[in-house]
Amino acid sequence: MAEPGASVVARAYAIAEDLLWPAAAAIDRAPAVPVGYLDALAAAGLYGLYGPAHAGGLDADAPSAGRVVAALAGASCATALVWVQHHSAVRLAAAAPPSVRDAWLGRLCRGEVRSGIAVAAMRRPGPPAMTARPLGRGGGWVLDGWAPWVTGWGLVDVVAVAARHGDDLVWSLVDAVGSSSVRVEPQPLAAEAASATVALTLSGHRVEAGRVLAVEAYEQWRARDARGLRHNGYFALGVTERAARLLGSTELAAEAEALATALDEGRDELVAGVRAEASLLAVRATTALVAAGGGGAVGLGDPAQRLARDAMFLLVFGQTPSIRGEQLARLLPGGTRS
Ligand SMILES: Cc1cc2nc3c(=O)[nH]c(=O)nc-3n(C[C@H](O)[C@H](O)[C@H](O)COP(=O)(O)OP(=O)(O)OC[C@H]3O[C@@H](n4cnc5c(N)ncnc54)[C@H](O)[C@@H]3O)c2cc1C
């Protein structure tokens, strides 16, 4: 049976406050998020946040799932970033053909198999960065191309890779292990460096049918993706909530709550504007925290500078042309820069 949303959110806040927030400075400076924190999220069932209850998932409703994202992001954004990449694989596995679903879904929900995702470049116009061609009889595919951002390398077991085949998007699970057909380059980062984010290149990489999660129309995915990007907005609201708490600002907290409510309502036509407002609010709140803290705020042990870097990262994470346009319209005196 699905768990009531409130108890899932309470559990996430308990982990955030008791485990992640006290360790956030150390996590930020670690070469990669220590796996014990991800194990704790798995033990709390949070790898199955969006998974169906019959497969061991929590089947959380969208507003509750958003509050879970906010709780974790406001405690350790790097840990939340690694964890959040997992959920597309869960959702795709839940809708996969039975043999694929049965092989992967339960283990994904329990966090026994942890996934990253390689999809962002599929939002870019022009020739697809990653392509798939059929392997022949048997239903497998051969993948070729490049994904500029894959978070969690070394912390995940598989990566859900999106690749274009004509008008379709092919989703498959690729083992997160270097080989002659799988190469990675670290992405040195000014924020979320512990997220173990790499650029991934696949060269003639074969995936068997049992690893193919979905083949869907590209345009159908675009519509689903636009709706799903709503959830990334809760990252910025979690960071704002934390800064507001440290500042003792009920006004900033109320602004964050109003935007969270707007995201909860899920009106597709408003998402880009709300996402832009949320990311800029996080920048404003964390800037205030730095200003309030004096010189000490830029010390590596101080949460203000870390939260400010989190907010910088959240300007671009899950950014789309329309979110970027809404951000620049608010930031630049002359409106949007093309
Ligand atoms: C630290 C980090 C970790 C990440 N981890 C992952 C991950 O694990 N998996 C994953 O899939 N993604 C990941 N991302 C990708 C992230 O979501 C993208 O940064 C975001 O989607 C924007 O894409 P981009 O950076 O590739 O922008 P680009 O494609 O370089 O474009 C820059 C901006 O311009 C816009 N743009 C591009 N072309 C046009 C056009 N023709 N007209 C108008 N606007 C345009 C884009 O929407 C974007 O806003 C990560 C990013 C970062 C920074």
# chains A, B, ... in the order shown; residues from 1 in each chain; ligands from 1
call {"tool": "closest_atom_pairs", "arguments": {"of": "chain A", "to": "ligand 1", "cutoff": "8 Å", "atoms": "only C-alpha atoms and all ligand atoms", "output": "tab-separated table"}}
result
residue	atom	partner	partner_atom_place_in_ligand_line	distance
A:Leu81	CA	ligand 1	3 (C)	7.5
A:Val82	CA	ligand 1	8 (O)	7.5
A:Gln85	CA	ligand 1	8 (O)	5.8
A:Gly116	CA	ligand 1	8 (O)	5.9
A:Ile117	CA	ligand 1	9 (N)	4.7
A:Ala118	CA	ligand 1	11 (O)	4.0
A:Val119	CA	ligand 1	11 (O)	3.7
A:Ala120	CA	ligand 1	11 (O)	3.7
A:Ala121	CA	ligand 1	26 (O)	5.4
A:Arg123	CA	ligand 1	47 (O)	6.9
A:Arg124	CA	ligand 1	29 (O)	5.1
A:Pro125	CA	ligand 1	41 (N)	5.6
A:Ala147	CA	ligand 1	11 (O)	7.4
A:Pro148	CA	ligand 1	26 (O)	6.7
A:Trp149	CA	ligand 1	6 (C)	4.5
A:Val150	CA	ligand 1	8 (O)	3.6
A:Thr151	CA	ligand 1	8 (O)	3.7
A:Gly152	CA	ligand 1	8 (O)	7.0
A:Gln187	CA	ligand 1	1 (C)	7.9
A:Leu189	CA	ligand 1	1 (C)	6.7
A:Ala191	CA	ligand 1	1 (C)	7.1
A:Glu192	CA	ligand 1	1 (C)	6.0
A:Ala193	CA	ligand 1	1 (C)	7.4
A:Ser195	CA	ligand 1	1 (C)	7.1
A:Thr197	CA	ligand 1	3 (C)	5.8
A:Phe313	CA	ligand 1	53 (C)	6.2
A:Val316	CA	ligand 1	19 (O)	5.3
A:Phe317	CA	ligand 1	17 (O)	4.2
A:Gly318	CA	ligand 1	17 (O)	3.5
A:Gln319	CA	ligand 1	20 (C)	4.4
A:Thr320	CA	ligand 1	47 (O)	3.5
A:Pro321	CA	ligand 1	47 (O)	3.7
A:Ser322	CA	ligand 1	47 (O)	7.1
A:Ile323	CA	ligand 1	49 (O)	7.0
A:Arg324	CA	ligand 1	49 (O)	5.1
A:Gly325	CA	ligand 1	44 (N)	7.8
A:Ser338	CA	ligand 1	43 (C)	6.5
call {"tool": "select_by_dssp", "arguments": {"residues": "region 153-226 of chain A", "states": "alpha helix (DSSP H)", "output": "PDB file with C-alpha atoms, in the first residue's frame"}}
result
ATOM      1  CA  TYR A 218      10.630  11.832 -29.294  1.00  0.00           C
ATOM      2  CA  GLU A 219       7.838  14.424 -29.255  1.00  0.00           C
ATOM      3  CA  GLN A 220       5.988  12.471 -26.573  1.00  0.00           C
ATOM      4  CA  TRP A 221       9.128  12.547 -24.440  1.00  0.00           C
ATOM      5  CA  ARG A 222       9.521  16.315 -24.969  1.00  0.00           C
ATOM      6  CA  ALA A 223       6.047  16.885 -23.528  1.00  0.00           C
ATOM      7  CA  ARG A 224       6.698  14.541 -20.592  1.00  0.00           C
ATOM      8  CA  ASP A 225      10.102  16.125 -19.976  1.00  0.00           C
ATOM      9  CA  ALA A 226       8.654  19.646 -19.850  1.00  0.00           C
TER      10      ALA A 226
END
call {"tool": "residues_around", "arguments": {"residues": "Arg242 (chain A)", "least_positions_apart": "6", "cutoff": "12 Å", "atoms": "only C-alpha atoms", "output": "JSON, numbers by chain"}}
result
{"A": [13, 16, 17, 21, 70, 71, 72, 73, 74, 75, 76, 77, 235, 236, 248, 249, 250, 252, 253, 256, 282, 285, 286, 289, 303, 304, 306, 307, 308, 310, 311]}
call {"tool": "atom_distance", "arguments": {"atom1": "CA of Leu280 (chain A)", "atom2": "CA of Ala243 (chain A)"}}
result
13.2 Å
call {"tool": "residues_around", "arguments": {"residues": "Tyr234 (chain A)", "least_positions_apart": "5", "cutoff": "12 Å", "atoms": "only C-alpha atoms", "output": "VMD selection string"}}
result
chain A and resid 62 to 74 77 80 to 81 84 228 to 229 239 to 241 256 to 264 271 274 to 279 281 to 282 311 314 317 to 318
call {"tool": "closest_residue", "arguments": {"among": "A:Val170, A:Met312, A:Leu135, A:Val159", "to": "Arg206 (chain A)", "atoms": "only C-alpha atoms"}}
result
A:Leu135
call {"tool": "atom_distance", "arguments": {"atom1": "CA of Asp59 (chain A)", "atom2": "CA of Leu41 (chain A)"}}
result
15.5 Å
call {"tool": "residues_around", "arguments": {"residues": "His87 (chain A)", "least_positions_apart": "5", "cutoff": "8 Å", "atoms": "only C-alpha atoms", "output": "list in words"}}
result
Tyr47, Gly48, Leu49, Tyr50 and Ser115 of chain A
call {"tool": "closest_residue", "arguments": {"among": "A:Asp102, A:Ala95, A:Thr79, A:Trp153", "to": "Ala26 (chain A)", "atoms": "only C-alpha atoms"}}
result
A:Thr79
call {"tool": "residues_around", "arguments": {"residues": "Val8 (chain A)", "least_positions_apart": "2", "cutoff": "8 Å", "atoms": "only C-alpha atoms", "output": "short mmCIF file (atom, residue, chain, number, x, y, z; two decimals) with N, CA and C atoms, in the first residue's frame"}}
result
data_model
loop_
_atom_site.label_atom_id
_atom_site.label_comp_id
_atom_site.auth_asym_id
_atom_site.auth_seq_id
_atom_site.Cartn_x
_atom_site.Cartn_y
_atom_site.Cartn_z
N GLU A 3 2.32 4.82 0.93
CA GLU A 3 2.42 5.45 2.23
C GLU A 3 1.86 6.87 2.15
N PRO A 4 1.19 7.36 3.21
CA PRO A 4 0.71 8.74 3.16
C PRO A 4 1.87 9.70 2.92
N GLY A 5 1.62 10.72 2.08
CA GLY A 5 2.69 11.65 1.70
C GLY A 5 3.37 12.30 2.89
N ALA A 6 2.57 12.66 3.91
CA ALA A 6 3.15 13.40 5.04
C ALA A 6 4.23 12.59 5.73
N ALA A 10 8.11 13.65 6.23
CA ALA A 10 8.69 13.72 7.58
C ALA A 10 9.96 12.87 7.66
N ARG A 11 9.92 11.71 7.02
CA ARG A 11 11.10 10.84 7.04
C ARG A 11 12.28 11.50 6.31
N ALA A 12 11.98 12.14 5.19
CA ALA A 12 13.05 12.82 4.43
C ALA A 12 13.64 13.96 5.26
N LEU A 58 7.37 3.86 -2.94
CA LEU A 58 6.55 4.66 -2.03
C LEU A 58 5.36 5.29 -2.73
N ALA A 60 4.83 8.06 -4.12
CA ALA A 60 4.51 9.38 -3.55
C ALA A 60 3.78 10.24 -4.57
N SER A 64 4.18 15.73 -2.52
CA SER A 64 5.00 15.12 -1.45
C SER A 64 6.40 14.83 -1.96
N VAL A 68 10.07 16.19 -0.57
CA VAL A 68 11.21 15.32 -0.25
C VAL A 68 12.46 15.86 -0.94
#
call {"tool": "residues_around", "arguments": {"residues": "Val174 (chain A)", "least_positions_apart": "2", "cutoff": "10 Å", "atoms": "only C-alpha atoms", "output": "list in words"}}
result
Ser115, Gly116, Ile117, Leu143, Asp157, Val158, Val159, Ala160, Val161, Trp171, Ser172, Ala176, Val177, Val182, Leu202, His205, Arg206, Val207, Glu208, Arg211 and Val212 of chain A
call {"tool": "atom_distance", "arguments": {"atom1": "CA of Ala244 (chain A)", "atom2": "CA of Gly36 (chain A)"}}
result
28.3 Å
call {"tool": "closest_residue", "arguments": {"among": "A:Arg227, A:Gly111, A:Asp28, A:Gln305", "to": "Ala40 (chain A)", "atoms": "only C-alpha atoms"}}
result
A:Gly111
